[in-house]
Every structure is written in C-alpha cells, then in structure tokens.
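Colleague: Sending over a structure as structure tokens; questions will come in a sec.
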Protein chains: 2
Amino acid sequence: MAKSKEEIVQEFRVQSIQEAAIRVISRKGMAAATMQEIAEEAGVAKGTIYLYFRDREELVEKTFETAIGQLHGRLDAALDAEGPFAEKLRSLLTAQFAFFGENREFFRLYHSLRMTQGSATQQRRQKRTCQPQFKARVDRLAGMLKAAMDAGEVRVLDPSRLALFLIEGSIAIVLERLTEDAPPPESEDVELIVSTLLGGIAIPKPKRSSH
Amino acid sequence: MAKSKEEIVQEFRVQSIQEAAIRVISRKGMAAATMQEIAEEAGVAKGTIYLYFRDREELVEKTFETAIGQLHGRLDAALDAEGPFAEKLRSLLTAQFAFFGENREFFRLYHSLRMTQGSATQQRRQKRTCQPQFKARVDRLAGMLKAAMDAGEVRVLDPSRLALFLIEGSIAIVLERLTEDAPPPESEDVELIVSTLLGGIAIPKPKRSSH
DNA sequence: TGGTTGACTGACCGTTCGTTCAGCGCGATG
DNA sequence: CATCGCGCTGAACGAACGGTCAGTCAACCA
C-alpha cells in the first residue's frame, strides 16, 4: 500500500524536527538546546513538536537513535573491507574521520551525548539510552580485534579494553582536529594511530653496536 | 603572624563548600548541580555560598582549580620518577589509576567538566577556564614524549597527538574500571596500555617459515 | 548586662525553561 | 456557500533555577 498523504507529511515533520534538533544540540550542546530554538530551526511552532514527540526526552532519544544509526551504517561498511587487520583498522579510522569531518556538528552531538546530564529536571534515562549505543560500538570493534587475535595477526590482549582505548583515543584526535584552523591531512592522523597501535612507539634498544 | 580566628573560619567555609561542590557535581553532573543542593551538602544556607563566591561560575571555577591542582601535584611527582621512558610512563599511569581509584567522585567531576556546557544561562567562560587545564596536562605529557624522542627512545611522531591519544584512551579505561564490580588489578590495565603503546599489538608476519 | 556587630539564613524575586490548550486558518465535504 | 475536521499555533502556565536582602541571633565589647 502506498503511503497516504498524511503519512508523508508526518514523516517529513518528524525528520525535519530531528534534523533541527541535531543542528541546535550541535551548536549549543545538549543542556542548552531549548525546545523553542529547535522549533524555530525546524520552522514550526514549539507546540508542534509535541504533536510528534511526547516530550523533550523522547525527542532527544529518537533523534540520537536515528543519527547513531547513520554512523553505524558507515562504520559497518568500512569494517566489511577485505584484507588484513591493518587494512581494516585503517579503513575504519578513515571512515570515522571522514564522517565526522563532513558532519562536524553531528560529531559534537555524538560526543556531547555521552557525559552531559540534563538540567536536573530531566536527566535519568539518558544514561540508559545513550550508553548502550556506545557500548555497541565498542563491542563491535572488540569483536574485530578478537577475530584478529584468533587469526594470529594480533597479540592476545583484552579486546574490550583495547577497543575502548582505541575509540576514545581516536575520538580525542578527531575532536582536536575540529578545533584546529588547518588540521593535517586525515591520512596523516590515521597513519599515526595505525602505526602506533600496530607497531608501538618504542625504538628497540640496540643490544649491540650495529657495527 | 598566626592566622586570625576569622581567617581560619573563612578557610574552613571555603574548603567545605568546595568539597561539597565536588561531591554534588560528581553525583549529578555539572549542569544538574544546583546551588541549593551544594549548600545542603555543605551544611550551610544557599545565601552563605554567596558570601564566599561571587556567583555559581566563580564557585565552579575555583573548585575546579583547587581540585585539578591536587591531581597535577600527584602526576608531576610520578613524572619525576627516574629511569627510562617506559618506567616514567608506567609510573604516570599508575599514579593516575591510583588517584582516580581513591577519588572516584573527583574523577567524575574531572571528566564531566570537559564537555558539559552549562544550562543556557551560564555556559560561556567554562570553556576558557577548564579547557586550558586539560591542555596543560596534554602539553606536559607531550613534553615528556618529545624528550623521549630526542633521546632516541621513541619514534618521532607528533607528540601532541600522541599525548592526546594516550590520555583520552587511558581515561576511558579508568572510567570503565569505575563502573565495573570487580575490575582487574590496576597493574594489569597499566601493563596493557604500556605494552600496547611501546610495542604495538601486531604480531609480525613470519617472512619465512620458522623452520 | 545592654548594645553592637556581622556571619548567616531562607523566603522571595526575576528569569528561563518544558509543557499545555483554547483557538485559528484552511482544505475537504455535502 | 456553510460547515466541519484537524494540523498547527503561540500566549500562558507551573516548576525550578540563580541570585538577593531584610531579618535573626550568637559572640563579643564596653
């Protein structure tokens, strides 16, 4: 059955409100994004939002789920790349850098959703809805690391810890890039991470003089 | 000249208000911590806080400076450890793990102070006061890395990027430890980071069969 | 001991926010 | 053309916040 006219309008409203929410939260941060400004950004009245979302909490929750779904789609595609572990890692990081480079604002949303507790009144359930999303991403990477360990490509270490370390470390670099006027090429930072993670940074002490 | 009675009382008030602020912000997060609750936690009336701090912004700022000063003192002491780079790195991480292990609440303050924008009204200067503190920590570690590179102990890479990657990655692991019921021994996680950073995780492909 | 001081209090204020709802305009209907 | 249905509006409301200040009272002095 084709979508009725009402359904089309409904989907359009939901989508434009969510996109407005992403932009406003990206600009102002989670706590400072008001329903008023989101409504203005979406070109509707404040009350209209409440026709499509029960309350602010649901709006934020649904918006985040939608947005995070897009990111995961991109990262999953990158993980499907063929080749050795190093290549998978490189393509994952490249995808992440590219995605956040194209969507600076979205990245700020993604990142601000982690720590930000709401303004006293709301709060609560944000933890239960957002943290699992991050956990899923960590688990996914941990799975990839585990596979590489089983394949003998990588030393056996705690995959979860490694995944956490890698994700947060690389996010920090992405964040830093976003604040820089002229960041180095993406590939440069990607290579820094890949080579550090794979080969380490130590220069082996020469046991004997090289002569 | 000995401290007058008034000075002692004043210092006591300032200190207990700041400690209360740390506890409340740790529990509720930056944006959700209200002056009312901080006052109750400190055992004084809300108005009393304004006798010692101009406004909420100054309270948060001074509190953060005091707290971060303690942490930096500990980390600097760890960095003064003698020995090769690996040893310095290990003692730095150990100090960080120990400090945050002893002061879980403070760690949450430390971490929540980073992203959280205030509740619309305030906001603004928090960036200018908190971010430099983190930058100082990154710079300090970057300096240590640079020294190790100059000494030929470590490959030449962008020290700032590396420092960022390491700090954020290790903070993520600390955070994870705080949420675990029975985290592994500190030394285990420290060794994971040290060995990953120094030696990498890759297992070199055998060029020839080992026969 | 009566008077003075000032640290402290908490009811109160102005503001801002999320949420509501009575009413508006407009396309469809008969 | 009159009527209805309904998506939408934005003024209004209550809650909660940071900040204020007139009043309280214990400690001290003369």
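The way I read the labels, and the way they are meant: chains A, B, ... in the order of the structure tokens, residue 1 as the first residue of every chain, and ligand 1 as the first ligand shown, with later ones counted on from there.
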Residues within 9 Å of Gln36 in chain B, please, as a PyMOL selection string. Count only C-alpha atoms (C1' of nucleotides); anything in the same chain fewer than 5 positions from it doesn't count.
Modeller: chain B and resi 41+45-46
Colleague: Let's see if you can do this: from backbone DSSP, list all alpha helix (DSSP H) residues in range 45-207 of chain B, as a ChimeraX atom specification.
Modeller: /B:46-52,56-79,85-102,104-115,126-150,159-179,186-199
Colleague: Could the residues of chain D within 10 Å of chain B, counting only C-alpha atoms (C1' of nucleotides), be given as a tab-separated table (two decimals) with C-alpha atoms (C1' of nucleotides), in the first residue's frame, please?
Modeller:
```
chain	number	residue	atom	x	y	z
D	16	DA	C1'	12.94	25.20	39.03
D	17	DC	C1'	16.81	27.74	38.78
D	18	DG	C1'	20.50	31.52	40.28
D	19	DG	C1'	20.76	35.35	42.86
D	20	DT	C1'	19.15	38.98	46.65
D	21	DC	C1'	18.42	41.07	51.05
```
Colleague: With a distance cut-off of 10 Å and only C-alpha atoms (C1' of nucleotides), select the neighbouring residues of range 11-19 of chain B, excluding the residue or stretch itself and same-chain residues fewer than 6 positions from it, and output the selection as a PyMOL selection string.
Modeller: chain B and resi 25+38-44+48-49+51-53+59-60+62-64+66-67+106
Colleague: Using only C-alpha atoms (C1' of nucleotides) and a distance of at most 10 Å, pull out the residues of chain C that contact chain B, as a JSON list (two decimals) with N, CA and C atoms (P, O5', C5', C4', C3', O3' and C1' of nucleotides), in the first residue's frame.
Modeller:
```
[["chain", "number", "residue", "atom", "x", "y", "z"],
["C", 7, "DA", "P", 31.47, 38.97, 58.58],
["C", 7, "DA", "O5'", 31.32, 37.40, 58.69],
["C", 7, "DA", "C5'", 31.50, 36.77, 59.95],
["C", 7, "DA", "C4'", 30.39, 35.75, 60.21],
["C", 7, "DA", "C3'", 30.04, 34.87, 59.00],
["C", 7, "DA", "O3'", 29.85, 33.53, 59.47],
["C", 7, "DA", "C1'", 28.09, 35.99, 59.76],
["C", 8, "DC", "P", 29.65, 32.30, 58.40],
["C", 8, "DC", "O5'", 28.07, 32.17, 58.35],
["C", 8, "DC", "C5'", 27.37, 31.85, 59.57],
["C", 8, "DC", "C4'", 25.89, 32.05, 59.35],
["C", 8, "DC", "C3'", 25.29, 31.34, 58.13],
["C", 8, "DC", "O3'", 24.54, 30.23, 58.59],
["C", 8, "DC", "C1'", 24.37, 33.52, 58.48],
["C", 9, "DT", "P", 23.88, 29.19, 57.56],
["C", 9, "DT", "O5'", 22.40, 29.75, 57.44],
["C", 9, "DT", "C5'", 21.63, 29.91, 58.63],
["C", 9, "DT", "C4'", 20.36, 30.69, 58.33],
["C", 9, "DT", "C3'", 19.49, 30.06, 57.24],
["C", 9, "DT", "O3'", 18.28, 29.61, 57.84],
["C", 9, "DT", "C1'", 19.67, 32.43, 56.99],
["C", 10, "DG", "P", 17.59, 28.28, 57.33],
["C", 10, "DG", "O5'", 16.41, 28.84, 56.43],
["C", 10, "DG", "C5'", 15.52, 29.82, 56.97],
["C", 10, "DG", "C4'", 14.84, 30.58, 55.84],
["C", 10, "DG", "C3'", 14.34, 29.71, 54.68],
["C", 10, "DG", "O3'", 13.16, 30.29, 54.15],
["C", 10, "DG", "C1'", 15.79, 31.31, 53.84],
["C", 15, "DT", "P", 13.33, 40.01, 34.68],
["C", 15, "DT", "O5'", 13.83, 38.56, 34.27],
["C", 15, "DT", "C5'", 15.13, 38.14, 34.70],
["C", 15, "DT", "C4'", 15.35, 36.70, 34.29],
["C", 15, "DT", "C3'", 14.82, 36.34, 32.90],
["C", 15, "DT", "O3'", 15.89, 35.84, 32.13],
["C", 15, "DT", "C1'", 14.12, 34.73, 34.53],
["C", 16, "DT", "P", 15.71, 35.57, 30.55],
["C", 16, "DT", "O5'", 15.65, 33.97, 30.52],
["C", 16, "DT", "C5'", 16.53, 33.23, 31.34],
["C", 16, "DT", "C4'", 16.13, 31.77, 31.32],
["C", 16, "DT", "C3'", 15.57, 31.30, 29.96],
["C", 16, "DT", "O3'", 16.16, 30.05, 29.63],
["C", 16, "DT", "C1'", 14.05, 30.76, 31.68],
["C", 17, "DC", "P", 16.13, 29.51, 28.12],
["C", 17, "DC", "O5'", 15.33, 28.15, 28.25],
["C", 17, "DC", "C5'", 15.84, 27.15, 29.13],
["C", 17, "DC", "C4'", 14.71, 26.33, 29.69],
["C", 17, "DC", "C3'", 13.80, 25.68, 28.66],
["C", 17, "DC", "O3'", 14.28, 24.37, 28.36],
["C", 17, "DC", "C1'", 12.58, 26.55, 30.54]]
```
Colleague: For DG25 in chain C, work out the shell of residues within 12 Å, counting only C-alpha atoms (C1' of nucleotides) and skipping chain neighbours fewer than 5 positions away, then give it as a PDB file with N, CA and C atoms (P, O5', C5', C4', C3', O3' and C1' of nucleotides), in the first residue's frame.
Modeller:
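File produced: out25.pdb:
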```
ATOM      1  P    DC D   6     -10.778  14.615  11.974  1.00  0.00           P
ATOM      2  O5'  DC D   6      -9.439  15.465  11.866  1.00  0.00           O
ATOM      3  C5'  DC D   6      -8.988  15.921  10.606  1.00  0.00           C
ATOM      4  C4'  DC D   6      -7.861  16.926  10.780  1.00  0.00           C
ATOM      5  C3'  DC D   6      -7.013  16.699  12.044  1.00  0.00           C
ATOM      6  O3'  DC D   6      -5.679  16.966  11.732  1.00  0.00           O
ATOM      7  C1'  DC D   6      -7.764  18.879  12.013  1.00  0.00           C
ATOM      8  P    DG D   7      -4.495  15.886  11.989  1.00  0.00           P
ATOM      9  O5'  DG D   7      -3.192  16.645  11.460  1.00  0.00           O
ATOM     10  C5'  DG D   7      -3.213  17.208  10.165  1.00  0.00           C
ATOM     11  C4'  DG D   7      -2.598  18.599  10.187  1.00  0.00           C
ATOM     12  C3'  DG D   7      -1.318  18.726  11.022  1.00  0.00           C
ATOM     13  O3'  DG D   7      -0.380  19.512  10.287  1.00  0.00           O
ATOM     14  C1'  DG D   7      -2.929  20.274  11.819  1.00  0.00           C
ATOM     15  P    DC D   8       1.133  19.764  10.856  1.00  0.00           P
ATOM     16  O5'  DC D   8       0.970  21.149  11.604  1.00  0.00           O
ATOM     17  C5'  DC D   8       0.459  22.274  10.880  1.00  0.00           C
ATOM     18  C4'  DC D   8       0.126  23.387  11.827  1.00  0.00           C
ATOM     19  C3'  DC D   8       1.248  23.795  12.784  1.00  0.00           C
ATOM     20  O3'  DC D   8       1.843  24.985  12.295  1.00  0.00           O
ATOM     21  C1'  DC D   8      -0.946  23.871  13.787  1.00  0.00           C
ATOM     22  P    DT D   9       3.109  25.637  13.020  1.00  0.00           P
ATOM     23  O5'  DT D   9       2.439  26.702  13.996  1.00  0.00           O
ATOM     24  C5'  DT D   9       1.554  27.666  13.455  1.00  0.00           C
ATOM     25  C4'  DT D   9       0.861  28.424  14.566  1.00  0.00           C
ATOM     26  C3'  DT D   9       1.800  29.071  15.584  1.00  0.00           C
ATOM     27  O3'  DT D   9       1.690  30.471  15.473  1.00  0.00           O
ATOM     28  C1'  DT D   9      -0.049  27.966  16.649  1.00  0.00           C
TER      29       DT D   9
END
```
Colleague: For chain A, which residue among B:Glu102, B:Glu153, B:Glu176, B:Glu188 is the nearest when counting only C-alpha atoms?
Modeller: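 Once distances to chain A are computed over only C-alpha atoms, the minimum belongs to B:Glu153.
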Colleague: Within 6 Å of chain A, which residues of chain B come that close, and what is the closest atom pair and distance in Å for each? Count only C-alpha atoms and give it as JSON lines.
Modeller:
```
{"residue": "B:Gly29", "atom": "CA", "partner": "A:Gln117", "partner_atom": "CA", "distance": 5.9}
{"residue": "B:Ala31", "atom": "CA", "partner": "A:Ser119", "partner_atom": "CA", "distance": 5.5}
{"residue": "B:Ala32", "atom": "CA", "partner": "A:Ala120", "partner_atom": "CA", "distance": 4.3}
{"residue": "B:Thr116", "atom": "CA", "partner": "A:Thr116", "partner_atom": "CA", "distance": 5.4}
{"residue": "B:Ser119", "atom": "CA", "partner": "A:Ala32", "partner_atom": "CA", "distance": 5.0}
{"residue": "B:Ala120", "atom": "CA", "partner": "A:Ala32", "partner_atom": "CA", "distance": 4.3}
{"residue": "B:Glu153", "atom": "CA", "partner": "A:Ile203", "partner_atom": "CA", "distance": 5.5}
{"residue": "B:Val154", "atom": "CA", "partner": "A:Ala202", "partner_atom": "CA", "distance": 4.6}
{"residue": "B:Arg155", "atom": "CA", "partner": "A:Ile201", "partner_atom": "CA", "distance": 5.3}
{"residue": "B:Phe165", "atom": "CA", "partner": "A:Gly169", "partner_atom": "CA", "distance": 4.1}
{"residue": "B:Glu168", "atom": "CA", "partner": "A:Gly169", "partner_atom": "CA", "distance": 5.1}
{"residue": "B:Gly169", "atom": "CA", "partner": "A:Phe165", "partner_atom": "CA", "distance": 4.1}
{"residue": "B:Leu197", "atom": "CA", "partner": "A:Gly200", "partner_atom": "CA", "distance": 5.0}
{"residue": "B:Leu198", "atom": "CA", "partner": "A:Gly200", "partner_atom": "CA", "distance": 4.5}
{"residue": "B:Gly199", "atom": "CA", "partner": "A:Gly200", "partner_atom": "CA", "distance": 4.1}
{"residue": "B:Gly200", "atom": "CA", "partner": "A:Gly200", "partner_atom": "CA", "distance": 3.7}
{"residue": "B:Ile201", "atom": "CA", "partner": "A:Leu198", "partner_atom": "CA", "distance": 5.0}
{"residue": "B:Ala202", "atom": "CA", "partner": "A:Val154", "partner_atom": "CA", "distance": 4.6}
{"residue": "B:Ile203", "atom": "CA", "partner": "A:Val154", "partner_atom": "CA", "distance": 5.1}
```
Colleague: Which polymer residues have any atom within 12 Å of an atom of DG3 in chain C, counting only C-alpha atoms (C1' of nucleotides), with same-chain residues fewer than 5 positions away left out, as a PDB file with C-alpha atoms (C1' of nucleotides), in the first residue's frame?
Modeller:
```pdb
ATOM      1  C1'  DC D  28      31.887  39.965  71.690  1.00  0.00           C
ATOM      2  C1'  DC D  29      32.761  44.565  73.860  1.00  0.00           C
ATOM      3  C1'  DA D  30      32.220  48.451  76.990  1.00  0.00           C
TER       4       DA D  30
END
```
Colleague: Could you please determine the separation between CA of Arg140 in chain B and CA of Arg90 in chain B in Å, to one decimal place?
Modeller: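 That distance, rounded to one decimal, is 15.5 Å.
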Colleague: How many Å separate CA of Glu37 in chain A from CA of Val24 in chain A?
Modeller: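 Those two atoms sit 7.1 Å apart.
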Colleague: What separation in Å, quoted to one decimal, exists between C1' of DT20 in chain C and C1' of DA15 in chain D?
Modeller: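 Straight-line distance from C1' of DT20 in chain C to C1' of DA15 in chain D works out to 13.5 Å.
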